[in-house]
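As stored in coords_28.txt (compact mmCIF, C-alpha atoms and all ligand atoms):
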# COMPACT_ATOMS: atom_id res chain seq x y z
CA MET T 2 13.68 3.43 -21.36
CA ALA T 3 14.89 1.33 -18.44
CA GLY T 4 15.26 -2.26 -19.58
CA GLN T 5 15.18 -5.29 -17.32
CA SER T 6 16.66 -8.33 -19.02
CA ASN T 7 14.73 -11.53 -19.37
CA ASN T 8 16.30 -14.41 -17.53
CA GLN T 9 13.77 -17.14 -18.07
CA LYS T 10 16.48 -19.37 -19.44
CA LYS T 11 15.22 -22.80 -18.63
CA LYS T 12 12.45 -24.31 -16.59
CA LEU T 13 13.28 -26.02 -13.35
CA GLY T 14 10.86 -28.76 -12.41
CA GLY T 15 9.01 -28.93 -9.08
CA CYS T 16 8.65 -26.18 -6.53
CA GLN T 17 12.00 -26.27 -4.76
CA ASN T 18 12.58 -22.67 -5.86
CA ILE T 19 9.59 -21.29 -3.99
CA LYS T 20 9.78 -20.97 -0.22
CA VAL T 21 7.06 -19.80 2.10
CA VAL T 22 7.98 -18.80 5.64
CA VAL T 23 6.02 -17.22 8.48
CA ARG T 24 7.38 -14.63 10.89
CA VAL T 25 5.50 -13.97 14.13
CA ARG T 26 6.37 -10.57 15.57
CA PRO T 27 6.66 -9.96 19.33
CA PHE T 28 3.72 -8.38 21.17
CA ASP T 29 3.68 -4.64 20.60
CA GLU T 30 3.10 -2.13 23.41
CA LYS T 31 -0.65 -1.95 22.93
CA GLU T 32 -1.03 -5.72 22.86
CA SER T 33 1.18 -6.09 25.95
CA ARG T 34 -0.78 -3.41 27.81
CA GLY T 35 -4.02 -5.16 26.95
CA ARG T 36 -2.50 -8.43 28.24
CA SER T 37 -3.40 -10.06 24.96
CA ARG T 38 -3.03 -13.84 24.82
CA MET T 39 -0.98 -15.66 22.16
CA ALA T 40 -3.24 -16.59 19.25
CA VAL T 41 -0.61 -18.75 17.58
CA ASN T 42 1.63 -21.48 18.83
CA CYS T 43 4.88 -22.27 16.97
CA ILE T 44 4.98 -25.99 17.65
CA SER T 45 8.04 -26.84 15.54
CA PRO T 46 10.38 -25.03 13.09
CA ARG T 47 7.83 -25.79 10.37
CA GLU T 48 4.48 -25.86 12.11
CA ILE T 49 2.22 -23.23 13.56
CA GLN T 50 -1.08 -23.85 15.28
CA THR T 51 -4.11 -21.67 15.95
CA LYS T 52 -7.16 -22.73 17.92
CA ASP T 53 -8.74 -23.84 14.64
CA LYS T 54 -6.00 -25.35 12.53
CA LYS T 55 -2.40 -26.49 12.10
CA TYR T 56 -0.36 -24.99 9.23
CA TYR T 57 2.93 -26.13 7.64
CA TYR T 58 5.56 -23.94 5.94
CA ASP T 59 9.22 -24.17 4.92
CA ARG T 60 10.05 -22.40 8.17
CA VAL T 61 8.28 -20.67 11.02
CA PHE T 62 10.16 -17.86 12.77
CA GLN T 63 9.12 -17.28 16.37
CA PRO T 64 8.79 -13.81 17.96
CA ASP T 65 12.32 -14.01 19.41
CA CYS T 66 14.01 -14.54 16.03
CA ASN T 67 16.20 -11.70 14.83
CA GLN T 68 16.82 -9.96 11.49
CA LEU T 69 19.91 -12.07 10.81
CA ASP T 70 17.94 -15.33 11.26
CA ILE T 71 15.50 -14.25 8.56
CA TYR T 72 18.20 -12.91 6.25
CA SER T 73 20.35 -16.05 6.55
CA TYR T 74 17.49 -18.39 5.73
CA VAL T 75 15.67 -16.39 3.06
CA VAL T 76 17.97 -13.96 1.23
CA GLU T 77 21.57 -15.07 1.73
CA PRO T 78 21.13 -18.28 -0.31
CA MET T 79 19.79 -16.13 -3.19
CA ILE T 80 22.83 -13.86 -3.48
CA ASN T 81 25.01 -16.40 -5.29
CA ASP T 82 22.19 -17.02 -7.75
CA VAL T 83 21.91 -13.29 -8.45
CA LEU T 84 25.66 -13.12 -9.09
CA ALA T 85 25.38 -16.18 -11.34
CA GLY T 86 22.84 -14.33 -13.50
CA TYR T 87 19.45 -15.35 -12.14
CA ASN T 88 16.47 -13.38 -10.85
CA CYS T 89 15.19 -13.73 -7.29
CA THR T 90 12.25 -12.16 -5.45
CA VAL T 91 11.31 -11.85 -1.79
CA PHE T 92 7.80 -10.72 -0.81
CA ALA T 93 6.68 -9.52 2.61
CA TYR T 94 2.96 -10.27 2.91
CA GLY T 95 0.71 -9.55 5.90
CA GLN T 96 -1.60 -7.26 7.81
CA THR T 97 -0.41 -3.67 8.36
CA GLY T 98 1.66 -3.44 11.56
CA THR T 99 2.91 -7.04 11.54
CA GLY T 100 6.49 -6.26 10.46
CA LYS T 101 6.70 -6.25 6.64
CA THR T 102 8.74 -3.04 6.48
CA HIS T 103 10.70 -4.06 9.58
CA THR T 104 11.64 -7.31 7.83
CA MET T 105 12.50 -5.72 4.47
CA THR T 106 14.05 -2.40 5.54
CA GLY T 107 14.37 -2.56 9.32
CA GLY T 108 14.78 0.30 11.73
CA ASP T 109 13.90 3.73 10.45
CA PRO T 110 15.98 4.61 7.41
CA SER T 111 15.26 8.31 7.82
CA SER T 112 16.87 8.50 11.26
CA LEU T 113 19.96 6.37 10.72
CA SER T 114 23.08 7.49 8.97
CA SER T 115 23.96 5.15 6.13
CA LEU T 116 27.00 3.77 7.91
CA ASP T 117 24.91 2.53 10.84
CA TRP T 118 23.16 -0.03 8.71
CA ARG T 119 26.12 -2.36 8.64
CA ARG T 120 26.33 -2.56 12.40
CA ASP T 121 22.72 -2.15 13.36
CA GLU T 122 21.09 -5.43 14.28
CA LYS T 123 17.72 -3.92 13.25
CA ALA T 124 18.90 -3.74 9.61
CA GLY T 125 16.47 -5.65 7.41
CA CYS T 126 16.88 -7.70 4.24
CA ILE T 127 17.58 -4.77 1.84
CA PRO T 128 20.63 -3.28 3.61
CA ARG T 129 21.97 -6.75 4.41
CA ALA T 130 21.60 -7.82 0.76
CA ALA T 131 23.39 -4.63 -0.35
CA ALA T 132 26.38 -5.34 1.88
CA ASN T 133 26.39 -9.04 0.99
CA ILE T 134 26.39 -8.39 -2.78
CA PHE T 135 29.40 -6.05 -2.65
CA ASP T 136 31.30 -8.36 -0.25
CA GLU T 137 30.71 -11.32 -2.60
CA ILE T 138 31.77 -9.37 -5.70
CA ALA T 139 34.97 -8.32 -3.90
CA SER T 140 35.77 -11.98 -3.25
CA MET T 141 35.22 -13.03 -6.90
CA LYS T 142 37.58 -12.81 -9.85
CA VAL T 143 35.57 -10.57 -12.16
CA ASN T 144 36.79 -8.61 -15.17
CA ASP T 145 34.21 -5.90 -14.73
CA TYR T 146 30.89 -5.32 -12.97
CA ASN T 147 28.09 -2.84 -12.65
CA VAL T 148 25.37 -2.66 -9.95
CA ARG T 149 22.14 -0.71 -10.37
CA VAL T 150 19.18 0.05 -8.16
CA SER T 151 15.58 0.96 -8.89
CA PHE T 152 12.85 1.61 -6.35
CA LEU T 153 9.22 1.87 -7.39
CA GLU T 154 5.85 2.12 -5.76
CA LEU T 155 2.65 0.66 -7.13
CA TYR T 156 -0.33 2.55 -5.79
CA ASN T 157 -3.82 2.04 -7.16
CA GLU T 158 -2.34 0.26 -10.21
CA GLU T 159 -0.11 3.25 -11.01
CA VAL T 160 3.68 2.96 -11.01
CA ARG T 161 5.66 5.80 -9.38
CA ASP T 162 9.43 6.08 -9.35
CA LEU T 163 10.62 6.59 -5.76
CA LEU T 164 14.07 7.64 -7.04
CA ASN T 165 12.58 10.52 -9.03
CA PRO T 166 12.39 13.73 -6.92
CA ASP T 167 9.56 15.15 -9.07
CA GLU T 168 6.42 14.80 -6.93
CA ARG T 169 4.20 15.48 -9.93
CA GLN T 170 5.68 12.76 -12.14
CA PRO T 171 3.09 11.04 -14.36
CA PRO T 172 2.49 7.30 -13.76
CA LEU T 173 5.02 5.13 -15.60
CA ASN T 174 4.05 2.70 -18.34
CA ILE T 175 4.94 -1.00 -18.26
CA PHE T 176 5.73 -3.01 -21.38
CA ASN T 177 6.19 -6.76 -21.55
CA ASP T 178 7.47 -8.40 -24.72
CA ASN T 179 6.28 -11.86 -25.75
CA LYS T 180 9.33 -13.47 -24.13
CA GLY T 181 8.45 -12.06 -20.74
CA ALA T 182 11.03 -9.24 -20.64
CA VAL T 183 9.79 -6.23 -18.65
CA PHE T 184 10.36 -2.57 -19.45
CA ILE T 185 9.20 0.31 -17.29
CA GLN T 186 9.37 3.55 -19.20
CA ASN T 187 11.52 6.28 -17.58
CA LEU T 188 12.17 4.28 -14.40
CA ASN T 189 15.49 5.41 -12.89
CA GLU T 190 18.12 2.72 -12.56
CA LYS T 191 20.89 4.34 -10.51
CA ASN T 192 24.46 3.14 -10.72
CA VAL T 193 25.81 2.29 -7.26
CA PHE T 194 29.43 1.69 -6.30
CA ASN T 195 29.17 0.41 -2.73
CA SER T 196 26.57 -0.62 -0.17
CA ASN T 197 26.36 2.90 1.28
CA ASP T 198 25.11 4.16 -2.10
CA ILE T 199 22.33 1.58 -1.89
CA TYR T 200 21.36 2.62 1.66
CA ALA T 201 21.27 6.25 0.54
CA LEU T 202 18.79 5.41 -2.26
CA LEU T 203 16.73 3.31 0.14
CA GLN T 204 16.57 6.29 2.50
CA GLN T 205 15.63 8.75 -0.27
CA GLY T 206 12.88 6.54 -1.68
CA THR T 207 11.52 5.68 1.76
CA LEU T 208 11.31 9.37 2.67
CA ARG T 209 9.43 10.08 -0.56
CA ARG T 210 6.99 7.32 0.24
CA GLN T 211 6.54 8.63 3.78
CA THR T 212 5.80 12.12 2.44
CA ALA T 213 3.11 10.72 0.16
CA SER T 214 1.75 8.80 3.13
CA THR T 215 1.42 11.94 5.23
CA LEU T 216 -0.41 13.69 2.43
CA MET T 217 -2.74 10.76 1.88
CA ASN T 218 -3.90 8.94 4.97
CA ASN T 219 -2.66 5.33 5.11
CA HIS T 220 -1.21 5.51 1.63
CA SER T 221 1.74 3.28 2.55
CA SER T 222 -0.44 0.43 3.81
CA ARG T 223 -2.23 0.49 0.45
CA SER T 224 0.78 0.52 -1.83
CA HIS T 225 3.35 -2.07 -2.86
CA THR T 226 7.06 -1.18 -3.15
CA VAL T 227 9.62 -3.02 -5.26
CA PHE T 228 13.31 -2.40 -4.47
CA THR T 229 15.49 -3.99 -7.16
CA ILE T 230 19.25 -4.52 -7.17
CA THR T 231 20.53 -5.58 -10.61
CA VAL T 232 24.06 -6.93 -11.03
CA HIS T 233 25.94 -7.19 -14.34
CA ILE T 234 29.15 -9.20 -14.11
CA LYS T 235 31.77 -9.82 -16.78
CA GLU T 236 33.97 -12.80 -16.05
CA ALA T 237 35.98 -15.42 -17.88
CA ASP T 238 34.40 -18.85 -18.31
CA LEU T 239 36.37 -22.12 -18.10
CA SER T 240 37.68 -21.69 -21.65
CA GLY T 241 38.88 -18.17 -20.86
CA GLU T 242 36.16 -16.49 -22.93
CA GLU T 243 34.50 -13.43 -21.40
CA VAL T 244 30.82 -13.85 -20.49
CA LEU T 245 28.31 -11.28 -19.25
CA LYS T 246 25.87 -12.36 -16.55
CA THR T 247 22.90 -10.28 -15.44
CA GLY T 248 20.90 -11.17 -12.33
CA LYS T 249 18.71 -9.25 -9.93
CA ILE T 250 16.96 -9.40 -6.61
CA ASN T 251 13.55 -7.78 -6.05
CA LEU T 252 12.60 -7.03 -2.44
CA VAL T 253 8.88 -6.39 -2.33
CA ASP T 254 6.95 -4.84 0.56
CA LEU T 255 3.31 -5.58 -0.26
CA ALA T 256 0.20 -3.56 0.60
CA GLY T 257 -1.44 -4.58 3.89
CA SER T 258 -3.41 -7.79 3.40
CA GLU T 259 -6.26 -6.43 5.58
CA ASN T 260 -7.27 -4.52 2.47
CA ILE T 261 -8.40 -7.74 0.81
CA ALA T 262 -12.17 -8.14 0.48
CA LYS T 263 -13.20 -5.31 2.79
CA SER T 264 -16.82 -4.51 2.14
CA GLY T 265 -18.66 -1.25 2.61
CA ALA T 266 -16.06 0.98 0.95
CA LYS T 267 -17.36 3.38 -1.67
CA ASP T 268 -16.13 5.13 -4.80
CA LYS T 269 -12.40 5.88 -4.87
CA ARG T 270 -11.64 3.74 -1.82
CA ALA T 271 -13.61 0.80 -3.25
CA LEU T 272 -11.59 1.00 -6.46
CA GLU T 273 -8.32 1.09 -4.51
CA LEU T 274 -9.33 -1.96 -2.51
CA ALA T 275 -10.40 -3.81 -5.64
CA ASN T 276 -6.96 -3.11 -7.14
CA ILE T 277 -5.14 -4.35 -4.02
CA ASN T 278 -7.41 -7.40 -3.97
CA ARG T 279 -6.57 -8.13 -7.56
CA SER T 280 -2.81 -7.75 -7.17
CA LEU T 281 -2.52 -9.84 -3.99
CA LEU T 282 -4.88 -12.54 -5.24
CA THR T 283 -3.19 -12.66 -8.66
CA LEU T 284 0.21 -12.96 -6.98
CA GLY T 285 -1.11 -15.91 -4.96
CA ARG T 286 -2.50 -17.52 -8.13
CA VAL T 287 0.74 -16.96 -10.07
CA ILE T 288 2.75 -18.64 -7.32
CA GLN T 289 0.28 -21.53 -7.02
CA THR T 290 0.42 -22.02 -10.78
CA LEU T 291 4.22 -22.04 -10.75
CA THR T 292 4.26 -24.79 -8.12
CA ASP T 293 1.93 -26.95 -10.22
CA LYS T 294 4.00 -28.42 -13.02
CA ASN T 295 0.89 -29.50 -14.96
CA ASN T 296 -0.42 -25.95 -15.21
CA ARG T 297 0.99 -24.18 -18.26
CA HIS T 298 -0.82 -20.81 -18.15
CA VAL T 299 0.61 -18.41 -15.57
CA PRO T 300 -1.72 -15.38 -15.17
CA TYR T 301 1.05 -12.73 -14.98
CA ARG T 302 -1.00 -10.26 -17.01
CA ASP T 303 -3.90 -10.17 -14.55
CA SER T 304 -2.24 -7.52 -12.37
CA LYS T 305 0.42 -4.83 -12.72
CA LEU T 306 2.44 -6.25 -9.83
CA THR T 307 2.85 -9.65 -11.52
CA ARG T 308 3.49 -7.95 -14.88
CA ILE T 309 6.32 -5.93 -13.32
CA LEU T 310 7.80 -9.09 -11.80
CA GLN T 311 7.13 -11.44 -14.71
CA ASP T 312 10.82 -11.99 -15.53
CA SER T 313 11.55 -12.85 -11.89
CA LEU T 314 8.78 -15.35 -11.19
CA GLY T 315 8.99 -18.81 -12.73
CA GLY T 316 11.67 -20.28 -14.97
CA HIS T 317 15.11 -20.32 -13.43
CA THR T 318 14.33 -17.99 -10.52
CA LYS T 319 13.97 -18.20 -6.74
CA THR T 320 11.02 -16.78 -4.84
CA CYS T 321 10.19 -16.50 -1.15
CA ILE T 322 7.08 -15.19 0.58
CA ILE T 323 7.60 -14.02 4.14
CA ALA T 324 4.14 -13.95 5.73
CA THR T 325 4.17 -11.71 8.80
CA VAL T 326 1.60 -12.10 11.59
CA SER T 327 0.79 -10.60 14.97
CA PRO T 328 0.88 -12.99 17.94
CA ALA T 329 -2.22 -11.44 19.57
CA TYR T 330 -5.82 -12.62 19.71
CA SER T 331 -6.98 -9.12 18.78
CA SER T 332 -5.67 -9.81 15.22
CA TYR T 333 -6.87 -13.41 15.07
CA GLU T 334 -9.00 -13.14 11.92
CA GLU T 335 -6.29 -11.32 9.94
CA THR T 336 -3.64 -13.77 11.15
CA GLN T 337 -5.71 -16.70 10.03
CA SER T 338 -6.32 -15.15 6.64
CA THR T 339 -2.54 -14.52 6.21
CA LEU T 340 -1.72 -18.10 7.25
CA GLU T 341 -4.29 -19.44 4.77
CA TYR T 342 -2.94 -17.29 1.94
CA ALA T 343 0.62 -18.38 2.64
CA MET T 344 -0.29 -22.04 2.85
CA ARG T 345 -2.33 -21.92 -0.36
CA ALA T 346 0.60 -20.26 -2.16
CA ARG T 347 2.62 -23.41 -1.67
CA ASP T 348 0.85 -26.46 -0.37
CA ILE T 349 3.54 -27.84 1.91
CA LYS T 350 3.15 -31.25 3.43
CA ASN T 351 4.67 -32.05 6.80
CA THR T 352 7.83 -33.65 5.44
CA PRO T 353 11.08 -34.12 7.39
CA MET T 354 13.55 -31.21 7.32
CA VAL T 355 16.19 -32.44 4.88
CA ASN T 356 18.28 -30.49 2.37
CA GLU T 357 16.41 -27.36 3.24
CA LYS T 358 18.61 -24.64 1.84
P1 LIG Z 401 4.09 -3.26 8.42
O1 LIG Z 401 5.15 -2.88 7.45
O2 LIG Z 401 3.66 -4.68 8.28
O3 LIG Z 401 2.92 -2.31 8.45
P2 LIG Z 401 6.04 -2.47 10.39
O4 LIG Z 401 7.23 -3.13 9.85
O5 LIG Z 401 5.91 -1.01 10.16
O6 LIG Z 401 4.72 -3.20 9.90
O7 LIG Z 401 5.98 -2.81 11.94
C1 LIG Z 401 5.10 -2.16 12.85
C2 LIG Z 401 5.88 -1.88 14.14
O8 LIG Z 401 6.26 -3.10 14.78
C3 LIG Z 401 7.17 -1.11 13.90
O9 LIG Z 401 7.34 -0.20 14.98
C4 LIG Z 401 8.23 -2.17 13.92
O10 LIG Z 401 9.49 -1.65 14.33
C5 LIG Z 401 7.69 -3.18 14.93
N1 LIG Z 401 8.07 -4.57 14.60
C6 LIG Z 401 7.59 -5.29 13.60
N2 LIG Z 401 8.13 -6.53 13.57
C7 LIG Z 401 9.00 -6.57 14.60
C8 LIG Z 401 9.89 -7.57 15.11
N3 LIG Z 401 9.99 -8.79 14.54
N4 LIG Z 401 10.63 -7.26 16.20
C9 LIG Z 401 10.54 -6.04 16.77
N5 LIG Z 401 9.72 -5.05 16.32
C10 LIG Z 401 8.95 -5.30 15.26
Translate this file's structure into structure tokens.
Ligand code: ADP
Amino acid sequence: MAGQSNNQKKKLGGCQNIKVVVRVRPFDEKESRGRSRMAVNCISPREIQTKDKKYYYDRVFQPDCNQLDIYSYVVEPMINDVLAGYNCTVFAYGQTGTGKTHTMTGGDPSSLSSLDWRRDEKAGCIPRAAANIFDEIASMKVNDYNVRVSFLELYNEEVRDLLNPDERQPPLNIFNDNKGAVFIQNLNEKNVFNSNDIYALLQQGTLRRQTASTLMNNHSSRSHTVFTITVHIKEADLSGEEVLKTGKINLVDLAGSENIAKSGAKDKRALELANINRSLLTLGRVIQTLTDKNNRHVPYRDSKLTRILQDSLGGHTKTCIIATVSPAYSSYEETQSTLEYAMRARDIKNTPMVNEK
């Protein structure tokens, strides 16, 4: 039984621990060939405008931003919290083809040797977080530490372990206790000793997901993946007594948001879409509820995704949604629906940019 410790130690008031950012990708080849016009205008670091509406977020990243810009704003500030024993989660949300996997993983993990990740500017949040965590630990005075990785896929409300080579593995069961601790039965949690070990697991799991995708058309756009790095640190506190801290970061690549509310699908496909609908909409509701300090009931149990992440959403945790959009008019409807979802998740007013990090 793989246990994930509950870190909901104390409630922090307000919504300063939830960030919502938007990343606009550059035009792709097809859009450039079709001479597509820009459907969105990034009018300030926090504002984006379409022909219909102006939206506000914690940050808007323009098409020319790079992987380091995103990492530095979203993930880097979380690493110290993870090492201090707290749980953090980053979600990539958006239409298929808008850069969720590029943002989370970057490049093509199957074609790069693990060492390249450190130098490759295409490296996404997962490899950068891996390197950052080990660099930080090396700079700390710790008595002992242990780092573990798990990598799961949630497809059609069934959990599959991407670090298990058995292609016929049965779906894994999730258990939550009444304090919010999460247990996923038989989920591998691999010990890792350096960032290259983490890249190697990312590559293995990604290849397994790609194989499933080839066997089942579009499988990857209809599944969520959760890559988790858990850090246990033993260090002396101010009185010299040894304390154990456990924190983790979940990096979540969500199913394509175009799957929401598609009509006309039948049978198996309709059920799949209903499940994606439920998980993405429940996630939005959970985050909205967490930002509203008057609302006591958080609907974690309404979807498997939020059940899996229950100990990392709310309480003393940090969360960020990266909403990815295409710049082109050809995707206008999907872009608008992503911008609406992201703005509803955290209703941000146009306030001055102070104390942002
Ligand atoms: P998604 O995961 O949302 O389906 P991908 O991450 O697979 O989308 O991106 C689709 C394609 O666009 C990939 O070839 C990817 O390399 C490219 N891409 C996405 N975002 C960017 C970006 N910000 N800069 C350069 N290329 C990008």
Check: Which distance in Å separates CA of Pro27 (chain T) and CA of Val41 (chain T), to one decimal?
Finding: 11.5 Å
Within 9 Å of ligand LIG 401 (chain Z), which residues of chain T come that close, and what is the closest atom pair and distance in Å for each? Count only C-alpha atoms and all ligand atoms and give it as JSON lines.
{"residue": "T:Arg24", "atom": "CA", "partner": "Z:LIG401", "partner_atom": "N3", "distance": 7.4}
{"residue": "T:Val25", "atom": "CA", "partner": "Z:LIG401", "partner_atom": "N3", "distance": 6.9}
{"residue": "T:Arg26", "atom": "CA", "partner": "Z:LIG401", "partner_atom": "N3", "distance": 4.2}
{"residue": "T:Pro27", "atom": "CA", "partner": "Z:LIG401", "partner_atom": "N4", "distance": 5.7}
{"residue": "T:Phe28", "atom": "CA", "partner": "Z:LIG401", "partner_atom": "N5", "distance": 8.4}
{"residue": "T:Asp29", "atom": "CA", "partner": "Z:LIG401", "partner_atom": "O8", "distance": 6.5}
{"residue": "T:Gln63", "atom": "CA", "partner": "Z:LIG401", "partner_atom": "N3", "distance": 8.7}
{"residue": "T:Pro64", "atom": "CA", "partner": "Z:LIG401", "partner_atom": "N3", "distance": 6.2}
{"residue": "T:Asp65", "atom": "CA", "partner": "Z:LIG401", "partner_atom": "N3", "distance": 7.5}
{"residue": "T:Cys66", "atom": "CA", "partner": "Z:LIG401", "partner_atom": "N3", "distance": 7.2}
{"residue": "T:Asn67", "atom": "CA", "partner": "Z:LIG401", "partner_atom": "N3", "distance": 6.9}
{"residue": "T:Gln68", "atom": "CA", "partner": "Z:LIG401", "partner_atom": "N3", "distance": 7.6}
{"residue": "T:Ala93", "atom": "CA", "partner": "Z:LIG401", "partner_atom": "O2", "distance": 8.0}
{"residue": "T:Tyr94", "atom": "CA", "partner": "Z:LIG401", "partner_atom": "O2", "distance": 7.8}
{"residue": "T:Gly95", "atom": "CA", "partner": "Z:LIG401", "partner_atom": "O2", "distance": 6.2}
{"residue": "T:Gln96", "atom": "CA", "partner": "Z:LIG401", "partner_atom": "O2", "distance": 5.9}
{"residue": "T:Thr97", "atom": "CA", "partner": "Z:LIG401", "partner_atom": "O3", "distance": 3.6}
{"residue": "T:Gly98", "atom": "CA", "partner": "Z:LIG401", "partner_atom": "O6", "distance": 3.5}
{"residue": "T:Thr99", "atom": "CA", "partner": "Z:LIG401", "partner_atom": "O2", "distance": 4.1}
{"residue": "T:Gly100", "atom": "CA", "partner": "Z:LIG401", "partner_atom": "O4", "distance": 3.3}
{"residue": "T:Lys101", "atom": "CA", "partner": "Z:LIG401", "partner_atom": "O2", "distance": 3.8}
{"residue": "T:Thr102", "atom": "CA", "partner": "Z:LIG401", "partner_atom": "O4", "distance": 3.7}
{"residue": "T:His103", "atom": "CA", "partner": "Z:LIG401", "partner_atom": "O4", "distance": 3.6}
{"residue": "T:Thr104", "atom": "CA", "partner": "Z:LIG401", "partner_atom": "O4", "distance": 6.4}
{"residue": "T:Met105", "atom": "CA", "partner": "Z:LIG401", "partner_atom": "O4", "distance": 8.0}
{"residue": "T:Thr106", "atom": "CA", "partner": "Z:LIG401", "partner_atom": "O4", "distance": 8.1}
{"residue": "T:Gly107", "atom": "CA", "partner": "Z:LIG401", "partner_atom": "O10", "distance": 7.1}
{"residue": "T:Gly108", "atom": "CA", "partner": "Z:LIG401", "partner_atom": "O10", "distance": 6.2}
{"residue": "T:Asp109", "atom": "CA", "partner": "Z:LIG401", "partner_atom": "O10", "distance": 8.0}
{"residue": "T:Lys123", "atom": "CA", "partner": "Z:LIG401", "partner_atom": "C9", "distance": 8.3}
{"residue": "T:Ser221", "atom": "CA", "partner": "Z:LIG401", "partner_atom": "O3", "distance": 8.2}
{"residue": "T:Ser222", "atom": "CA", "partner": "Z:LIG401", "partner_atom": "O3", "distance": 6.4}
{"residue": "T:Asp254", "atom": "CA", "partner": "Z:LIG401", "partner_atom": "O1", "distance": 7.4}
{"residue": "T:Leu255", "atom": "CA", "partner": "Z:LIG401", "partner_atom": "O1", "distance": 8.4}
{"residue": "T:Ala256", "atom": "CA", "partner": "Z:LIG401", "partner_atom": "O3", "distance": 8.4}
{"residue": "T:Gly257", "atom": "CA", "partner": "Z:LIG401", "partner_atom": "O3", "distance": 6.7}
{"residue": "T:Thr325", "atom": "CA", "partner": "Z:LIG401", "partner_atom": "O2", "distance": 7.1}
{"residue": "T:Val326", "atom": "CA", "partner": "Z:LIG401", "partner_atom": "O2", "distance": 8.4}
{"residue": "T:Ser327", "atom": "CA", "partner": "Z:LIG401", "partner_atom": "N2", "distance": 8.5}
Once you have the residues from the selection above, write them out as a CSV table (one decimal), in the coordinates of the input, restricted to C-alpha atoms.
chain,number,residue,atom,x,y,z
T,24,ARG,CA,7.4,-14.6,10.9
T,25,VAL,CA,5.5,-14.0,14.1
T,26,ARG,CA,6.4,-10.6,15.6
T,27,PRO,CA,6.7,-10.0,19.3
T,28,PHE,CA,3.7,-8.4,21.2
T,29,ASP,CA,3.7,-4.6,20.6
T,63,GLN,CA,9.1,-17.3,16.4
T,64,PRO,CA,8.8,-13.8,18.0
T,65,ASP,CA,12.3,-14.0,19.4
T,66,CYS,CA,14.0,-14.5,16.0
T,67,ASN,CA,16.2,-11.7,14.8
T,68,GLN,CA,16.8,-10.0,11.5
T,93,ALA,CA,6.7,-9.5,2.6
T,94,TYR,CA,3.0,-10.3,2.9
T,95,GLY,CA,0.7,-9.6,5.9
T,96,GLN,CA,-1.6,-7.3,7.8
T,97,THR,CA,-0.4,-3.7,8.4
T,98,GLY,CA,1.7,-3.4,11.6
T,99,THR,CA,2.9,-7.0,11.5
T,100,GLY,CA,6.5,-6.3,10.5
T,101,LYS,CA,6.7,-6.2,6.6
T,102,THR,CA,8.7,-3.0,6.5
T,103,HIS,CA,10.7,-4.1,9.6
T,104,THR,CA,11.6,-7.3,7.8
T,105,MET,CA,12.5,-5.7,4.5
T,106,THR,CA,14.0,-2.4,5.5
T,107,GLY,CA,14.4,-2.6,9.3
T,108,GLY,CA,14.8,0.3,11.7
T,109,ASP,CA,13.9,3.7,10.4
T,123,LYS,CA,17.7,-3.9,13.2
T,221,SER,CA,1.7,3.3,2.6
T,222,SER,CA,-0.4,0.4,3.8
T,254,ASP,CA,7.0,-4.8,0.6
T,255,LEU,CA,3.3,-5.6,-0.3
T,256,ALA,CA,0.2,-3.6,0.6
T,257,GLY,CA,-1.4,-4.6,3.9
T,325,THR,CA,4.2,-11.7,8.8
T,326,VAL,CA,1.6,-12.1,11.6
T,327,SER,CA,0.8,-10.6,15.0
Notebook entry, point to check: What does the distance from CA of Glu137 (chain T) to CA of Phe152 (chain T) come to in Å, to one decimal?
Noted result: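 If I compute the distance from CA of Glu137 (chain T) to CA of Phe152 (chain T), I get 22.4 Å.
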Item checked: One-decimal distance in Å that lies between CA of Gln211 (chain T) and CA of Arg120 (chain T) ->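 Result for CA of Arg120 (chain T) versus CA of Gln211 (chain T): 24.3 Å, one decimal.
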Next item on the list: List every protein, DNA or RNA residue that has an atom no more than 12 Å from (3.5, -7.2, -23.8) in the file's coordinate frame, counting only C-alpha atoms, and report them as a ChimeraX atom specification.
Entry: /T:174-185,301-302,305,308-309,311
Notebook entry, point to check: Which is closest to Ala131 (chain T) among T:Ile230, T:Val75, T:Leu291, T:Leu84, if we use all atoms listed in the file?
Noted result: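 Once distances to Ala131 (chain T) are computed over all atoms listed in the file, the minimum belongs to T:Ile230.
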Checklist line | Nearest to Gly241 (chain T) by atom-to-atom distance, counting all atoms listed in the file, from T:Thr336, T:Arg169, T:Gln205, T:Asn144 | finding: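 For Gly241 (chain T), the nearest of the candidates is T:Asn144.
Distances to Leu274 (chain T) were evaluated for T:Gln337, T:Thr247, T:Thr231, T:Asn157 using all atoms listed in the file, and the minimum falls at T:Asn157.
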Next item on the list: Taking the point (-0.1, -15.5, -14.3) as given in the file, collect each protein or nucleic acid residue that comes within 8 Å of it, counting all atoms listed in the file, and present the set as a PyMOL selection string.
Entry: chain T and resi 283-284+286-287+290+298-303+307
Notebook entry, point to check: Neighbours of region 187-195 of chain T within 12 Å (all atoms listed in the file; same-chain residues fewer than 4 positions away dropped), as a ChimeraX atom specification?
Noted result: /T:2-5,115-116,128,130-139,146-154,160-166,170-176,183,199-203,206,227-233,309
Next item on the list: Point out the residue among T:Ser140, T:Gln50, T:Thr226, T:Ser196 with the least atom-to-atom distance to Asn81 (chain T), counting all atoms listed in the file.
Entry: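 Answer, going by the shortest atom-to-atom distance: T:Ser140.
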Note to self: What's around Asn18 (chain T) at 7 Å? Count only C-alpha atoms, leave out sequence neighbours fewer than 2 positions away in its own chain, and write the answer as JSON, numbers by chain.
What the structure shows: {"T": [16, 20, 318, 319, 320]}
